[in-house]
Amino acid sequence: MKKDIFKIGNQILKSRLIVGTGKYKNFKETVQAVKASGADMVTVAVRRVNILDKKKPLLTDYLNPKRIKYLPNTAGCFNADESLRTLRLAREMGGWKMVKLEVLGDKKTLYPDMIETLKATKVLVKEGFKVLVYCSDDPLLAKELEYLGASAIMPLASPIGSGQGIQNKINLSIIIKNAKVPIIVDAGIGTASDATIAMELGCNGVLVNSAIAKARNPILMAESFKNAVISGRQAFRAGRMQKLLYADASSPSKGLI
């Protein structure tokens with residue numbers, strides 16, 4: 001089989017698992033989980049995880065940005081202007097041009113505000129950012145983000161931090177089939193098998209935070225996600241058997257004793 005390359009914009013990643021850096025007990029646990037996950041890209045909430053204030057403990061002191069790719073995100077932003085200001089600051093302070101855009105609609109569901117998301121995507125792309133966009137699982141809006149120049153589309157599996165897993169395989173499959181950019185499932189993943197399902201559907205990658213950070217053993221859970229993503233991708237490339245309405249005996253029906 002051809003070499004299986006995972007490329008976002010001009011970045012080639014070895015792992016198809018991207019992990020978050022929030023909700024851990026401390027930076028030490030964060031580092032241990034990231035290492036166990038095998039991920040070579042981490043997403044960082046610029047508003048919530050310290051990567052800029054040198055007077056306080058810095059995540060960059062624990063995870064070297066020269067060894068692992070940082071993906072600044074706009075978690076906690078509720079309109080396009082807040083998101084733009086946050087990512088411009090990240091670029092100015094850390095030089096990051098590949099970013100994750102997340103514009104939330106309300107504080108209860110944390111569903112994306114797609115009108116503001118589309119608005120911000122258009123501006124960021126024009127300013128030269130490589131934008132990975134958190135979005136709803138609407139195939140038409142996902143395609144519109146691609147038209148605007150998004151480097152990757154990140155539809156939710158279910159509400160952020162809910163752990164409910166993939167709730168709409170049909171929409172996700174349509175998005176994957178129609179996309180010409182990477183599709184990375186983001187939000188709602190609860191356990192390793194959810195990641196396997198996403199990969200078997202044909203997703204290019206999976207982003208996970210809460211499912212690892214909130215596990216009883218985050219380090220072990222991180223390793224399980226590493227294996228789940230690899231297994232799911234292998235199954236997708238292998239091509240699953242056709243589903244049948246009736247039984248199909250495994251043993252031959254001819255030459256019986």
# chains A, B, ... in the order shown; residues from 1 in each chain; ligands from 1

call {"tool": "closest_atom_pairs", "arguments": {"of": "range 4-52 of chain A", "to": "range 66-83 of chain A", "cutoff": "8 Å", "atoms": "only C-alpha atoms", "output": "Markdown table"}}
result
| residue | atom | partner | partner_atom | distance |
| --- | --- | --- | --- | --- |
| A:Asp40 | CA | A:Ile68 | CA | 5.2 |
| A:Met41 | CA | A:Lys69 | CA | 4.5 |
| A:Val42 | CA | A:Tyr70 | CA | 5.3 |
| A:Thr43 | CA | A:Leu71 | CA | 4.4 |
| A:Val44 | CA | A:Pro72 | CA | 4.8 |
| A:Ala45 | CA | A:Asn73 | CA | 4.9 |
| A:Val46 | CA | A:Pro72 | CA | 6.0 |
| A:Arg47 | CA | A:Gly76 | CA | 7.0 |
| A:Arg48 | CA | A:Ala75 | CA | 7.9 |

call {"tool": "write_last_selection", "arguments": {"atoms": "N, CA, C and O atoms", "output": "compact mmCIF listing (two decimals), in the first residue's frame"}}
result
# COMPACT_ATOMS: atom_id res chain seq x y z
N ASP A 40 2.40 14.36 18.08
CA ASP A 40 3.44 15.35 17.83
C ASP A 40 2.86 16.73 17.61
O ASP A 40 3.56 17.66 17.21
N MET A 41 1.55 16.88 17.91
CA MET A 41 0.91 18.20 17.93
C MET A 41 -0.01 18.29 19.13
O MET A 41 -0.76 17.36 19.43
N VAL A 42 0.07 19.42 19.85
CA VAL A 42 -0.82 19.65 20.99
C VAL A 42 -1.57 20.96 20.77
O VAL A 42 -1.02 21.92 20.22
N THR A 43 -2.82 20.98 21.16
CA THR A 43 -3.58 22.22 21.07
C THR A 43 -3.59 22.91 22.42
O THR A 43 -3.67 22.25 23.46
N VAL A 44 -3.47 24.23 22.38
CA VAL A 44 -3.32 25.02 23.61
C VAL A 44 -4.32 26.17 23.61
O VAL A 44 -4.35 26.98 22.68
N ALA A 45 -5.13 26.24 24.65
CA ALA A 45 -6.09 27.34 24.79
C ALA A 45 -5.33 28.58 25.26
O ALA A 45 -4.91 28.65 26.40
N VAL A 46 -5.15 29.53 24.36
CA VAL A 46 -4.36 30.72 24.66
C VAL A 46 -4.92 31.46 25.86
O VAL A 46 -4.17 32.05 26.66
N ARG A 47 -6.24 31.43 26.06
CA ARG A 47 -6.87 32.16 27.15
C ARG A 47 -6.80 31.41 28.48
O ARG A 47 -7.05 32.00 29.53
N ARG A 48 -6.48 30.12 28.43
CA ARG A 48 -6.59 29.32 29.66
C ARG A 48 -5.29 28.64 30.09
O ARG A 48 -5.10 28.35 31.26

call {"tool": "select_by_dssp", "arguments": {"residues": "range 36-187 of chain A", "states": "helix (DSSP H, G or I)", "output": "PyMOL selection string"}}
result
chain A and resi 36-37+59-61+80-94+114-126+139-148+169-178

call {"tool": "select_by_dssp", "arguments": {"residues": "range 3-239 of chain A", "states": "strand (DSSP E or B)", "output": "ChimeraX atom specification"}}
result
/A:6-8,11-13,17-20,41-45,69-73,98-101,104,112,130-135,152-155,183-186,205-208

call {"tool": "closest_atom_pairs", "arguments": {"of": "range 162-205 of chain A", "to": "range 138-141 of chain A", "cutoff": "12 Å", "atoms": "only C-alpha atoms", "output": "Markdown table"}}
result
| residue | atom | partner | partner_atom | distance |
| --- | --- | --- | --- | --- |
| A:Asn168 | CA | A:Asp138 | CA | 10.1 |
| A:Lys169 | CA | A:Asp138 | CA | 11.6 |
| A:Ile170 | CA | A:Pro139 | CA | 9.8 |
| A:Asn171 | CA | A:Pro139 | CA | 6.3 |
| A:Leu172 | CA | A:Pro139 | CA | 7.6 |
| A:Ser173 | CA | A:Pro139 | CA | 9.0 |
| A:Ile174 | CA | A:Pro139 | CA | 6.4 |
| A:Ile175 | CA | A:Pro139 | CA | 5.0 |
| A:Ile176 | CA | A:Pro139 | CA | 8.8 |
| A:Lys177 | CA | A:Pro139 | CA | 9.8 |
| A:Asn178 | CA | A:Pro139 | CA | 8.2 |
| A:Ala179 | CA | A:Pro139 | CA | 9.3 |
| A:Ile183 | CA | A:Pro139 | CA | 11.5 |

call {"tool": "atom_distance", "arguments": {"atom1": "CA of Gly38 in chain A", "atom2": "CA of Leu59 in chain A"}}
result
17.8 Å

call {"tool": "residues_around", "arguments": {"residues": "Arg240 in chain A", "least_positions_apart": "4", "cutoff": "10 Å", "atoms": "only C-alpha atoms", "output": "list in words"}}
result
Glu200, Ala235 and Phe236 of chain A
